[in-house]
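Text of the file entry-v3.txt, holding compact mmCIF, C-alpha atoms and all ligand atoms:
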```txt
# COMPACT_ATOMS: atom_id res chain seq x y z
CA MET R 1 0.00 0.00 0.00
CA ARG R 2 1.30 3.50 -0.87
CA GLN R 3 1.90 5.58 2.23
CA GLU R 4 0.53 9.13 2.43
CA LYS R 5 3.33 11.72 2.31
CA ARG R 6 3.57 14.11 5.23
CA VAL R 7 4.69 17.73 5.13
CA ALA R 8 5.13 20.16 8.05
CA LEU R 9 4.95 23.92 7.79
CA ILE R 10 6.44 26.10 10.52
CA GLY R 11 4.82 29.52 10.83
CA GLY R 12 1.21 30.59 10.50
CA GLY R 13 1.94 33.87 8.74
CA LEU R 14 0.78 34.52 5.18
CA VAL R 15 3.85 32.83 3.67
CA GLY R 16 3.47 29.60 5.69
CA LEU R 17 -0.29 29.44 5.16
CA SER R 18 0.00 30.16 1.41
CA THR R 19 2.67 27.51 1.00
CA ALA R 20 0.48 24.97 2.79
CA TYR R 21 -2.42 26.05 0.56
CA ALA R 22 -0.35 25.61 -2.63
CA ILE R 23 0.80 22.13 -1.54
CA SER R 24 -2.73 21.10 -0.57
CA ASN R 25 -4.03 22.14 -4.01
CA ARG R 26 -1.27 20.39 -5.94
CA TRP R 27 -1.00 17.18 -3.89
CA PRO R 28 -4.42 16.43 -2.36
CA ASP R 29 -3.07 13.18 -0.86
CA VAL R 30 -0.29 14.86 1.11
CA HIS R 31 -1.12 15.49 4.78
CA ILE R 32 0.00 18.85 6.17
CA ASP R 33 0.70 19.81 9.80
CA LEU R 34 1.22 23.54 10.37
CA PHE R 35 2.91 24.62 13.62
CA GLU R 36 2.37 28.16 14.91
CA LYS R 37 3.81 29.25 18.23
CA GLU R 38 1.16 31.93 18.88
CA ASP R 39 -2.51 31.40 19.76
CA ARG R 40 -3.67 32.57 16.31
CA VAL R 41 -2.48 32.88 12.72
CA SER R 42 -0.99 36.16 11.41
CA ALA R 43 0.04 37.30 14.91
CA HIS R 44 3.21 39.00 13.70
CA GLN R 45 4.13 40.67 10.39
CA SER R 46 1.16 39.29 8.45
CA GLY R 47 -1.30 40.84 10.88
CA ARG R 48 0.62 44.02 11.69
CA ASN R 49 1.41 45.49 8.31
CA SER R 50 0.06 48.39 6.24
CA GLY R 51 -2.56 46.33 4.43
CA VAL R 52 -1.39 47.49 1.00
CA ILE R 53 -1.58 45.39 -2.17
CA HIS R 54 1.64 46.34 -3.88
CA SER R 55 1.85 46.49 -7.66
CA GLY R 56 5.52 45.49 -8.06
CA ILE R 57 6.62 48.88 -9.37
CA TYR R 58 9.68 49.34 -7.10
CA TYR R 59 11.58 46.10 -7.45
CA LYS R 60 14.66 45.28 -9.50
CA PRO R 61 13.53 43.72 -12.80
CA GLY R 62 14.19 39.98 -12.81
CA SER R 63 14.28 39.76 -9.00
CA LEU R 64 12.05 37.33 -7.11
CA LYS R 65 10.34 40.35 -5.53
CA ALA R 66 9.44 41.81 -8.95
CA GLN R 67 8.25 38.52 -10.39
CA LEU R 68 6.37 37.19 -7.35
CA CYS R 69 4.80 40.55 -6.45
CA HIS R 70 3.43 40.89 -9.98
CA GLU R 71 2.07 37.33 -10.05
CA GLY R 72 1.03 37.45 -6.38
CA ARG R 73 -0.99 40.63 -6.77
CA SER R 74 -3.36 39.08 -9.27
CA LYS R 75 -3.51 35.76 -7.38
CA LEU R 76 -4.38 37.67 -4.19
CA VAL R 77 -7.10 39.71 -5.89
CA ASP R 78 -8.62 36.54 -7.41
CA PHE R 79 -8.44 34.75 -4.04
CA CYS R 80 -10.13 37.63 -2.20
CA SER R 81 -12.91 37.91 -4.84
CA ARG R 82 -13.53 34.16 -4.70
CA GLU R 83 -13.32 33.77 -0.91
CA GLY R 84 -15.09 36.96 0.16
CA VAL R 85 -12.12 38.74 1.76
CA VAL R 86 -12.40 42.55 1.76
CA PHE R 87 -10.10 44.35 -0.68
CA ASP R 88 -10.18 47.38 -2.96
CA THR R 89 -7.89 48.06 -5.92
CA CYS R 90 -8.19 51.78 -5.28
CA GLY R 91 -4.88 52.83 -6.86
CA LYS R 92 -2.01 54.76 -5.35
CA LEU R 93 0.06 57.89 -5.91
CA ILE R 94 3.84 58.09 -5.46
CA VAL R 95 4.51 61.81 -5.10
CA ALA R 96 7.76 63.71 -5.72
CA THR R 97 7.83 66.82 -3.55
CA THR R 98 11.33 68.19 -4.28
CA PRO R 99 13.25 68.61 -7.59
CA ASP R 100 15.88 66.01 -6.58
CA GLU R 101 13.14 63.39 -6.26
CA ILE R 102 12.04 63.77 -9.89
CA PRO R 103 14.85 61.65 -11.46
CA ARG R 104 14.16 58.98 -8.79
CA LEU R 105 10.46 59.11 -9.61
CA GLN R 106 11.31 58.67 -13.30
CA HIS R 107 13.54 55.69 -12.41
CA ILE R 108 10.67 54.04 -10.50
CA PHE R 109 8.35 54.69 -13.44
CA ASP R 110 10.82 53.06 -15.86
CA ARG R 111 11.18 50.06 -13.53
CA GLY R 112 7.43 49.76 -13.29
CA LYS R 113 7.15 49.64 -17.09
CA GLU R 114 9.91 47.01 -17.24
CA ASN R 115 8.11 44.98 -14.56
CA GLY R 116 4.86 45.10 -16.56
CA VAL R 117 3.07 47.34 -14.03
CA ARG R 118 0.36 49.70 -15.31
CA CYS R 119 1.41 53.21 -14.30
CA THR R 120 1.14 56.82 -15.53
CA LEU R 121 3.24 59.90 -14.83
CA ILE R 122 1.01 62.77 -13.80
CA SER R 123 1.54 66.51 -13.33
CA ALA R 124 1.27 68.63 -10.16
CA GLU R 125 -2.25 69.71 -11.21
CA GLU R 126 -3.38 66.14 -11.83
CA ILE R 127 -2.27 65.06 -8.31
CA SER R 128 -5.19 66.99 -6.81
CA GLU R 129 -7.67 65.19 -9.10
CA PHE R 130 -6.77 61.93 -7.28
CA GLU R 131 -5.85 63.35 -3.88
CA PRO R 132 -7.25 66.87 -3.34
CA HIS R 133 -5.12 67.51 -0.20
CA ALA R 134 -1.79 66.16 -1.49
CA THR R 135 0.74 68.42 -3.18
CA GLY R 136 3.84 67.64 -5.18
CA LEU R 137 5.77 68.45 -8.32
CA LYS R 138 5.01 65.25 -10.18
CA ALA R 139 3.63 61.81 -9.34
CA ILE R 140 3.10 58.28 -10.57
CA HIS R 141 -0.44 56.92 -10.53
CA VAL R 142 -0.54 53.14 -10.07
CA PRO R 143 -4.13 51.98 -10.66
CA ASP R 144 -3.58 48.31 -9.68
CA ALA R 145 -2.27 48.98 -6.17
CA GLY R 146 -4.86 48.62 -3.44
CA ILE R 147 -5.79 47.70 0.09
CA VAL R 148 -6.76 44.39 1.64
CA ASP R 149 -7.65 42.77 4.95
CA PHE R 150 -4.49 40.61 5.31
CA PRO R 151 -5.57 39.00 8.62
CA GLY R 152 -8.81 38.10 6.80
CA VAL R 153 -6.75 36.41 4.05
CA ALA R 154 -4.83 34.44 6.71
CA ARG R 155 -7.99 33.34 8.51
CA ARG R 156 -9.55 32.21 5.23
CA LEU R 157 -6.44 30.20 4.30
CA GLN R 158 -6.51 28.59 7.76
CA ALA R 159 -10.20 27.66 7.35
CA ILE R 160 -9.62 26.16 3.87
CA LEU R 161 -6.73 24.03 5.14
CA GLU R 162 -8.79 22.81 8.09
CA GLU R 163 -11.78 22.05 5.82
CA LYS R 164 -9.45 19.85 3.75
CA GLY R 165 -8.48 17.87 6.87
CA HIS R 166 -5.03 19.36 7.47
CA SER R 167 -3.91 20.19 11.01
CA ILE R 168 -3.11 23.67 12.30
CA PHE R 169 -1.43 23.43 15.71
CA LEU R 170 -1.59 26.77 17.54
CA ASN R 171 0.43 27.51 20.70
CA SER R 172 2.95 25.03 19.28
CA PRO R 173 6.51 26.39 19.03
CA VAL R 174 8.97 24.24 17.11
CA ASP R 175 12.19 23.98 19.07
CA SER R 176 14.27 21.45 17.17
CA LEU R 177 14.74 20.58 13.52
CA SER R 178 16.86 17.91 11.86
CA GLU R 179 17.01 15.65 8.82
CA SER R 180 18.21 12.19 7.89
CA SER R 181 18.78 10.60 4.45
CA ASP R 182 15.07 9.96 3.91
CA GLY R 183 13.15 12.54 5.91
CA SER R 184 13.09 15.35 8.45
CA PHE R 185 12.10 15.72 12.10
CA LEU R 186 10.90 18.44 14.42
CA THR R 187 9.93 18.67 18.03
CA SER R 188 7.18 20.79 19.48
CA LEU R 189 5.84 20.75 23.06
CA GLY R 190 8.16 17.85 23.86
CA ARG R 191 6.88 15.59 21.08
CA SER R 192 8.90 14.50 18.08
CA HIS R 193 7.28 14.33 14.62
CA ALA R 194 8.66 12.82 11.37
CA TYR R 195 7.96 14.20 7.87
CA ASP R 196 8.98 13.72 4.26
CA LEU R 197 9.54 17.48 4.08
CA ILE R 198 9.54 20.45 6.46
CA ILE R 199 9.13 24.01 5.20
CA SER R 200 9.91 26.80 7.65
CA CYS R 201 8.42 30.26 7.19
CA GLY R 202 9.31 31.82 10.53
CA GLY R 203 9.42 35.54 9.60
CA LEU R 204 11.21 37.33 12.45
CA GLN R 205 12.57 33.98 13.68
CA SER R 206 13.52 32.56 10.28
CA ASP R 207 17.31 32.76 10.82
CA ARG R 208 17.00 30.91 14.15
CA LEU R 209 15.07 28.12 12.45
CA VAL R 210 17.83 27.88 9.81
CA LYS R 211 20.42 27.56 12.59
CA LEU R 212 18.33 24.92 14.40
CA SER R 213 18.47 22.76 11.29
CA GLY R 214 22.26 23.07 11.04
CA ALA R 215 22.33 25.02 7.76
CA ILE R 216 24.96 27.74 7.46
CA THR R 217 24.08 31.17 6.11
CA ASP R 218 25.75 34.54 6.04
CA PHE R 219 22.87 36.58 7.40
CA GLN R 220 20.85 37.34 10.49
CA ILE R 221 17.41 38.86 10.95
CA VAL R 222 17.43 42.41 12.27
CA PRO R 223 14.05 43.68 13.50
CA PHE R 224 12.88 47.18 12.54
CA ARG R 225 9.97 48.55 14.52
CA GLY R 226 7.57 50.97 12.83
CA VAL R 227 4.88 53.01 14.54
CA TYR R 228 1.64 54.12 12.97
CA TYR R 229 -0.70 56.99 13.75
CA GLU R 230 -4.28 57.13 12.61
CA LEU R 231 -6.15 60.23 11.50
CA THR R 232 -9.07 61.45 13.61
CA ALA R 233 -12.48 60.91 12.00
CA GLU R 234 -12.61 64.67 11.18
CA ALA R 235 -9.28 64.50 9.31
CA ARG R 236 -9.98 61.38 7.22
CA HIS R 237 -10.90 63.54 4.23
CA LEU R 238 -7.18 64.40 3.89
CA CYS R 239 -6.48 61.11 2.12
CA SER R 240 -8.72 59.35 -0.40
CA ASN R 241 -6.66 56.21 -0.99
CA LEU R 242 -2.88 55.72 -0.85
CA ILE R 243 -0.30 58.52 -0.87
CA TYR R 244 3.37 57.49 -0.86
CA PRO R 245 6.64 59.47 -0.90
CA VAL R 246 9.46 58.67 -3.33
CA PRO R 247 11.68 56.14 -1.54
CA ASP R 248 15.34 56.86 -0.93
CA PRO R 249 17.25 54.13 -2.83
CA ALA R 250 19.66 53.81 0.13
CA TYR R 251 16.78 53.16 2.55
CA PRO R 252 13.95 51.85 0.34
CA PHE R 253 11.71 50.81 3.23
CA LEU R 254 11.81 54.22 4.93
CA GLY R 255 9.21 56.89 4.25
CA VAL R 256 5.86 57.24 5.98
CA HIS R 257 2.79 56.97 3.78
CA PHE R 258 -0.95 57.61 4.03
CA THR R 259 -3.08 54.49 3.80
CA ARG R 260 -6.82 54.05 3.69
CA MET R 261 -7.56 50.84 5.58
CA THR R 262 -10.33 48.43 4.54
CA ASP R 263 -12.39 49.52 7.58
CA GLY R 264 -12.37 53.14 6.40
CA ARG R 265 -9.77 54.48 8.85
CA ILE R 266 -6.73 56.32 7.54
CA GLU R 267 -3.38 55.28 8.95
CA VAL R 268 -0.05 57.01 8.46
CA GLY R 269 3.35 55.40 8.88
CA PRO R 270 5.27 53.33 9.56
CA ASN R 271 8.70 54.69 10.32
CA ALA R 272 11.53 52.21 11.00
CA VAL R 273 13.76 52.04 14.07
CA LEU R 274 15.92 49.15 15.21
CA ALA R 275 13.77 47.24 17.68
CA SER R 276 14.96 46.18 21.12
CA ALA R 277 12.96 42.94 20.84
CA ARG R 278 12.09 40.89 17.77
CA GLU R 279 8.46 40.58 18.81
CA GLY R 280 8.11 43.50 21.24
CA TYR R 281 5.57 45.96 19.95
CA SER R 282 5.87 48.61 22.62
CA LEU R 283 8.82 51.02 22.69
CA LYS R 284 9.53 49.92 26.27
CA THR R 285 9.80 46.19 25.46
CA TRP R 286 13.33 44.94 25.77
CA ASN R 287 14.57 41.40 25.14
CA ALA R 288 18.13 40.91 26.38
CA HIS R 289 18.68 37.78 24.26
CA ASP R 290 17.54 39.56 21.07
CA VAL R 291 19.68 42.62 21.83
CA MET R 292 22.82 40.63 22.69
CA GLU R 293 22.42 38.46 19.60
CA ALA R 294 22.20 41.57 17.43
CA VAL R 295 25.14 43.31 19.09
CA ARG R 296 27.35 40.23 18.71
CA PHE R 297 26.58 40.07 14.98
CA LYS R 298 29.25 41.73 12.82
CA GLY R 299 26.67 42.82 10.26
CA PHE R 300 24.69 44.73 12.86
CA ARG R 301 27.80 46.57 14.07
CA HIS R 302 28.59 47.57 10.44
CA LEU R 303 25.01 48.78 9.99
CA ALA R 304 25.09 50.80 13.22
CA ARG R 305 28.42 52.40 12.27
CA ASN R 306 27.41 53.29 8.72
CA HIS R 307 23.81 54.39 9.24
CA TRP R 308 23.70 55.86 12.78
CA ARG R 309 22.67 59.28 11.47
CA GLN R 310 19.62 57.92 9.64
CA GLY R 311 18.88 55.74 12.68
CA LEU R 312 18.80 58.75 14.98
CA THR R 313 16.50 60.65 12.59
CA GLU R 314 14.05 57.73 12.61
CA LEU R 315 14.28 57.43 16.41
CA HIS R 316 13.58 61.16 16.73
CA ARG R 317 10.52 60.62 14.51
CA THR R 318 9.34 57.88 16.90
CA LEU R 319 9.78 59.99 20.02
CA SER R 320 8.57 63.30 18.62
CA LYS R 321 5.13 63.69 17.09
CA ASN R 322 6.24 66.98 15.53
CA ALA R 323 9.12 65.30 13.69
CA TYR R 324 6.69 62.66 12.40
CA LEU R 325 4.25 65.41 11.38
CA LYS R 326 6.98 67.21 9.44
CA ALA R 327 7.48 64.14 7.22
CA LEU R 328 3.73 63.87 6.63
CA LYS R 329 3.38 67.56 5.80
CA THR R 330 5.67 67.20 2.79
CA LEU R 331 2.88 65.13 1.18
CA VAL R 332 -0.24 66.69 2.76
CA PRO R 333 0.64 70.21 3.97
CA SER R 334 -2.67 70.86 5.75
CA ILE R 335 -2.30 67.98 8.22
CA ARG R 336 -2.03 69.17 11.85
CA ALA R 337 -0.69 67.57 15.06
CA GLN R 338 -4.22 67.31 16.48
CA ASP R 339 -5.25 65.18 13.47
CA LEU R 340 -2.94 62.35 14.61
CA ILE R 341 -3.76 59.66 17.17
CA PRO R 342 -1.04 57.10 18.06
CA CYS R 343 -2.33 53.69 17.07
CA ARG R 344 -0.13 50.59 16.71
CA SER R 345 3.22 49.25 15.62
CA GLY R 346 4.65 46.47 13.47
CA ILE R 347 8.09 44.88 13.27
CA ARG R 348 9.78 44.08 9.98
CA ALA R 349 12.10 41.10 9.67
CA GLN R 350 15.02 42.28 7.56
CA ALA R 351 17.91 39.93 6.79
CA LEU R 352 21.32 41.55 7.14
CA ARG R 353 24.59 40.13 5.78
CA SER R 354 27.71 40.02 7.94
CA ASP R 355 29.15 42.93 5.91
CA GLY R 356 26.23 45.09 7.09
CA SER R 357 24.37 45.14 3.76
CA MET R 358 20.68 44.41 3.67
CA VAL R 359 19.45 41.40 1.73
CA ASP R 360 17.06 42.95 -0.73
CA ASP R 361 15.41 40.00 -2.42
CA PHE R 362 13.39 37.10 -1.03
CA VAL R 363 15.73 34.27 0.02
CA ILE R 364 14.90 30.57 0.10
CA VAL R 365 17.48 28.09 1.47
CA GLU R 366 17.07 24.43 0.50
CA GLN R 367 18.30 21.32 2.29
CA PRO R 368 17.29 17.87 0.99
CA HIS R 369 14.30 17.54 3.35
CA ILE R 370 13.98 21.04 4.82
CA VAL R 371 13.23 24.28 2.95
CA HIS R 372 13.55 27.66 4.68
CA VAL R 373 11.97 30.93 3.58
CA CYS R 374 14.57 33.21 5.13
CA ASN R 375 13.95 36.73 3.92
CA ALA R 376 10.38 37.63 3.10
CA PRO R 377 10.01 41.38 3.74
CA SER R 378 7.50 43.61 1.97
CA PRO R 379 5.90 42.86 -0.52
CA ALA R 380 5.73 39.26 0.75
CA ALA R 381 2.17 39.70 2.03
CA THR R 382 1.03 40.79 -1.44
CA ALA R 383 3.16 38.05 -3.02
CA CYS R 384 2.25 35.28 -0.53
CA LEU R 385 0.19 33.11 -2.89
CA ALA R 386 2.87 33.34 -5.60
CA ILE R 387 5.60 32.55 -3.05
CA GLY R 388 3.57 29.49 -2.00
CA ASP R 389 3.29 28.33 -5.62
CA SER R 390 6.99 28.90 -6.27
CA ILE R 391 7.90 26.79 -3.22
CA ALA R 392 5.55 24.07 -4.46
CA ASP R 393 7.48 24.17 -7.79
CA ARG R 394 10.80 23.79 -5.95
CA VAL R 395 9.65 20.76 -3.93
CA GLU R 396 7.87 19.03 -6.84
CA SER R 397 10.46 16.27 -7.24
CA ARG R 398 10.46 15.64 -3.48
CA LEU R 399 6.70 15.14 -3.28
CA ASN R 400 5.96 13.29 -6.53
C1 LIG S 1 5.17 47.37 9.49
C2 LIG S 1 5.06 46.51 8.26
C3 LIG S 1 4.36 46.96 7.14
C4 LIG S 1 4.25 46.14 6.01
N1 LIG S 1 3.43 46.50 4.98
C5 LIG S 1 3.19 45.63 3.97
C6 LIG S 1 2.21 45.90 2.99
O1 LIG S 1 1.49 46.89 3.07
N2 LIG S 1 2.07 45.03 1.94
C7 LIG S 1 2.85 43.91 1.84
O2 LIG S 1 2.70 43.17 0.85
N3 LIG S 1 3.75 43.60 2.78
C8 LIG S 1 3.91 44.41 3.85
N4 LIG S 1 4.78 44.08 4.85
C9 LIG S 1 5.52 42.83 4.76
C10 LIG S 1 4.65 41.62 5.09
O3 LIG S 1 3.80 41.85 6.19
C11 LIG S 1 5.57 40.45 5.38
O4 LIG S 1 6.51 40.36 4.34
C12 LIG S 1 4.80 39.12 5.44
O5 LIG S 1 3.71 39.23 6.32
C13 LIG S 1 5.75 38.01 5.87
O6 LIG S 1 4.97 36.87 6.15
P1 LIG S 1 5.63 35.63 6.88
O7 LIG S 1 4.61 34.58 6.91
O8 LIG S 1 6.96 35.36 6.26
O9 LIG S 1 6.00 36.18 8.35
P2 LIG S 1 5.08 36.36 9.65
O10 LIG S 1 3.78 36.93 9.33
O11 LIG S 1 5.92 37.12 10.62
O12 LIG S 1 4.85 34.89 10.15
C14 LIG S 1 5.86 34.08 10.69
C15 LIG S 1 5.17 33.18 11.72
O13 LIG S 1 6.08 32.18 12.15
C16 LIG S 1 5.81 31.91 13.51
N5 LIG S 1 6.98 31.25 14.09
C17 LIG S 1 8.24 31.76 14.17
N6 LIG S 1 9.05 30.87 14.77
C18 LIG S 1 8.30 29.78 15.06
C19 LIG S 1 8.57 28.55 15.70
N7 LIG S 1 9.80 28.23 16.15
N8 LIG S 1 7.56 27.65 15.85
C20 LIG S 1 6.30 27.93 15.40
N9 LIG S 1 5.99 29.11 14.80
C21 LIG S 1 6.97 30.01 14.63
C22 LIG S 1 5.55 33.30 14.07
O14 LIG S 1 4.85 33.25 15.30
C23 LIG S 1 4.75 33.94 12.96
O15 LIG S 1 3.35 33.80 13.13
C24 LIG S 1 4.90 44.88 5.99
C25 LIG S 1 5.60 44.43 7.12
C26 LIG S 1 5.64 45.21 8.26
C27 LIG S 1 6.28 44.65 9.49
```

Represent the structure of the file as structure tokens.
Ligand SMILES: Cc1cc2nc3c(=O)[nH]c(=O)nc-3n(C[C@H](O)[C@H](O)[C@H](O)COP(=O)(O)OP(=O)(O)OC[C@H]3O[C@@H](n4cnc5c(N)ncnc54)[C@H](O)[C@@H]3O)c2cc1C
Amino acid sequence: MRQEKRVALIGGGLVGLSTAYAISNRWPDVHIDLFEKEDRVSAHQSGRNSGVIHSGIYYKPGSLKAQLCHEGRSKLVDFCSREGVVFDTCGKLIVATTPDEIPRLQHIFDRGKENGVRCTLISAEEISEFEPHATGLKAIHVPDAGIVDFPGVARRLQAILEEKGHSIFLNSPVDSLSESSDGSFLTSLGRSHAYDLIISCGGLQSDRLVKLSGAITDFQIVPFRGVYYELTAEARHLCSNLIYPVPDPAYPFLGVHFTRMTDGRIEVGPNAVLASAREGYSLKTWNAHDVMEAVRFKGFRHLARNHWRQGLTELHRTLSKNAYLKALKTLVPSIRAQDLIPCRSGIRAQALRSDGSMVDDFVIVEQPHIVHVCNAPSPAATACLAIGDSIADRVESRLN
């Protein structure tokens, strides 16, 4: 009798859930166990992000980010339409507010065209047709960007997997990982489990899972905490949809933006400051193990030495509402301090090499019976279904 193959997923974020979903669609006979250490899915990055469906305009042509964001965007929109998850392809503006940003805006526009993204360059006058309160010199309109309820996507993926008979184990941290010549093993809550294949999608913990399995890599996850404000109900008219600044190529993930959420609120943010705990969402949270691990890492010390000035600016923006407001005013000059209410924070998992450089693209590390998704920063939520399919492609020979 043929034995059913068994696959384990570690991590109930959008990447882990989407990978489980792709495997369940392609191999209906494979049984999947998904281990999540928290009491719910999407407890970390997947449930604490900006809720934006990215178009793929920013990313280096040919990169995994460019390819999987483009494919993932349409897969996500189809999934949400089919499964009744709230989304809106409302479009977005990327606004240049100073002359030196115009060549960078043009560069993004050219990249967008190369990546097959629908986009149009618009004039200062046209900006106000889309966003009456935003001002700038020139902008890109991206009609296929949008907003989505990412925790809703995660919950729907969880329900589909459970309906198909797969197991989602919550409150179940994985604390050891190993492989032999014909399979892989993990332990959780003191019990050992054997699988044909284990796929780890641990987000902020992904490098630790790689180390647990004995694989050697040159990078470590560095957590960047970003705080959001929300606009008071009276100030919501200041943003219709999505208003973004032109990113600085040296710090592409910096730059606070205005985001209409799917529940109608308008959030602004996030900024990005090195976090004193990988999963500590309050400024006061401090995890000695996380801090010591970062400080001992050569790459972190390089980063701190080379980018301390930018780091202090971002920290100032976290501690001072006025500094935060100044950044917002460049896009929407009429916004006032009293329009902003502090709301929440999120922590980005960013892989850093030992030379201090940031790993830009998605990274997947493969062992014979263990696959690790190691660097899945933005736009991995948008791209999650395409990432899941691409991992299913990679493990095809191991599951057939
Ligand atoms: C502030 C912020 C804003 C962002 N905005 C956007 C956006 O607008 N659009 C977009 O596309 N992307 C955005 N992103 C990026 C996006 O949210 C992430 O790329 C994506 O959610 C990554 O998903 P993941 O499943 O890899 O990680 P996560 O969602 O972090 O999931 C990893 C899971 O693994 C679990 N885990 C870890 N270790 C273990 C273990 N040992 N045992 C069991 N479980 C474990 C964790 O508890 C966690 O639930 C943003 C990210 C942040 C932080």

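With only C-alpha atoms and all ligand atoms as the atoms that count, the minimum distance from ligand LIG 1 (chain S) to the choices R:Leu9, R:Ala392, R:Ala381, R:Ala233 is reached by R:Ala381.
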
Given a cut-off of 6 Å, what residues near ligand LIG 1 (chain S) show up using only C-alpha atoms and all ligand atoms, put as an mmCIF file with C-alpha atoms, keeping the file's coordinate frame?
```
data_model
loop_
_atom_site.group_PDB
_atom_site.id
_atom_site.type_symbol
_atom_site.label_atom_id
_atom_site.label_comp_id
_atom_site.auth_asym_id
_atom_site.auth_seq_id
_atom_site.Cartn_x
_atom_site.Cartn_y
_atom_site.Cartn_z
ATOM 1 C CA ILE R 10 6.440 26.100 10.520
ATOM 2 C CA GLY R 11 4.820 29.520 10.830
ATOM 3 C CA GLY R 12 1.210 30.590 10.500
ATOM 4 C CA GLY R 13 1.940 33.870 8.740
ATOM 5 C CA LEU R 14 0.780 34.520 5.180
ATOM 6 C CA VAL R 15 3.850 32.830 3.670
ATOM 7 C CA GLY R 16 3.470 29.600 5.690
ATOM 8 C CA PHE R 35 2.910 24.620 13.620
ATOM 9 C CA GLU R 36 2.370 28.160 14.910
ATOM 10 C CA LYS R 37 3.810 29.250 18.230
ATOM 11 C CA GLU R 38 1.160 31.930 18.880
ATOM 12 C CA VAL R 41 -2.480 32.880 12.720
ATOM 13 C CA SER R 42 -0.990 36.160 11.410
ATOM 14 C CA ALA R 43 0.040 37.300 14.910
ATOM 15 C CA HIS R 44 3.210 39.000 13.700
ATOM 16 C CA GLN R 45 4.130 40.670 10.390
ATOM 17 C CA SER R 46 1.160 39.290 8.450
ATOM 18 C CA ASN R 49 1.410 45.490 8.310
ATOM 19 C CA SER R 50 0.060 48.390 6.240
ATOM 20 C CA GLY R 51 -2.560 46.330 4.430
ATOM 21 C CA VAL R 52 -1.390 47.490 1.000
ATOM 22 C CA ILE R 53 -1.580 45.390 -2.170
ATOM 23 C CA HIS R 54 1.640 46.340 -3.880
ATOM 24 C CA SER R 172 2.950 25.030 19.280
ATOM 25 C CA PRO R 173 6.510 26.390 19.030
ATOM 26 C CA VAL R 174 8.970 24.240 17.110
ATOM 27 C CA ASP R 175 12.190 23.980 19.070
ATOM 28 C CA CYS R 201 8.420 30.260 7.190
ATOM 29 C CA GLY R 202 9.310 31.820 10.530
ATOM 30 C CA GLY R 203 9.420 35.540 9.600
ATOM 31 C CA LEU R 204 11.210 37.330 12.450
ATOM 32 C CA GLN R 205 12.570 33.980 13.680
ATOM 33 C CA GLY R 226 7.570 50.970 12.830
ATOM 34 C CA PRO R 270 5.270 53.330 9.560
ATOM 35 C CA GLY R 346 4.650 46.470 13.470
ATOM 36 C CA ILE R 347 8.090 44.880 13.270
ATOM 37 C CA ARG R 348 9.780 44.080 9.980
ATOM 38 C CA ALA R 376 10.380 37.630 3.100
ATOM 39 C CA PRO R 377 10.010 41.380 3.740
ATOM 40 C CA SER R 378 7.500 43.610 1.970
ATOM 41 C CA PRO R 379 5.900 42.860 -0.520
ATOM 42 C CA ALA R 380 5.730 39.260 0.750
ATOM 43 C CA ALA R 381 2.170 39.700 2.030
ATOM 44 C CA THR R 382 1.030 40.790 -1.440
#
```

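For the pair CA of Asn322 (chain R) and CA of Arg309 (chain R), the interatomic distance is 18.6 Å.
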
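Every residue within 8 Å of the file position (-0.3, 47.1, 16.2), judged by all atoms listed in the file, is given as Arg48, Tyr228, Tyr281, Cys343, Arg344, Ser345 and Gly346 of chain R.
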
Interatomic distance between CA of Gly388 (chain R) and CA of Tyr21 (chain R)?
-> 7.4 Å

Fix up region 328-333 of chain R with N, CA, C and O atoms, then write it as a PDB file, keeping the file's coordinate frame.
```pdb
ATOM      1  N   LEU R 328       5.053  64.003   7.257  1.00  0.00           N
ATOM      2  CA  LEU R 328       3.730  63.870   6.630  1.00  0.00           C
ATOM      3  C   LEU R 328       3.335  65.129   5.865  1.00  0.00           C
ATOM      4  O   LEU R 328       2.684  65.064   4.824  1.00  0.00           O
ATOM      5  N   LYS R 329       3.760  66.281   6.415  1.00  0.00           N
ATOM      6  CA  LYS R 329       3.380  67.560   5.800  1.00  0.00           C
ATOM      7  C   LYS R 329       3.986  67.742   4.414  1.00  0.00           C
ATOM      8  O   LYS R 329       3.459  68.499   3.605  1.00  0.00           O
ATOM      9  N   THR R 330       5.090  67.056   4.130  1.00  0.00           N
ATOM     10  CA  THR R 330       5.670  67.200   2.790  1.00  0.00           C
ATOM     11  C   THR R 330       4.679  66.675   1.738  1.00  0.00           C
ATOM     12  O   THR R 330       4.647  67.163   0.615  1.00  0.00           O
ATOM     13  N   LEU R 331       3.849  65.682   2.135  1.00  0.00           N
ATOM     14  CA  LEU R 331       2.880  65.130   1.180  1.00  0.00           C
ATOM     15  C   LEU R 331       1.520  65.812   1.285  1.00  0.00           C
ATOM     16  O   LEU R 331       0.856  66.072   0.276  1.00  0.00           O
ATOM     17  N   VAL R 332       1.082  66.061   2.532  1.00  0.00           N
ATOM     18  CA  VAL R 332      -0.240  66.690   2.760  1.00  0.00           C
ATOM     19  C   VAL R 332      -0.021  67.881   3.704  1.00  0.00           C
ATOM     20  O   VAL R 332      -0.057  67.735   4.928  1.00  0.00           O
ATOM     21  N   PRO R 333       0.238  69.072   3.131  1.00  0.00           N
ATOM     22  CA  PRO R 333       0.640  70.210   3.970  1.00  0.00           C
ATOM     23  C   PRO R 333      -0.388  70.629   5.020  1.00  0.00           C
ATOM     24  O   PRO R 333      -0.022  71.178   6.051  1.00  0.00           O
TER      25      PRO R 333
END
```
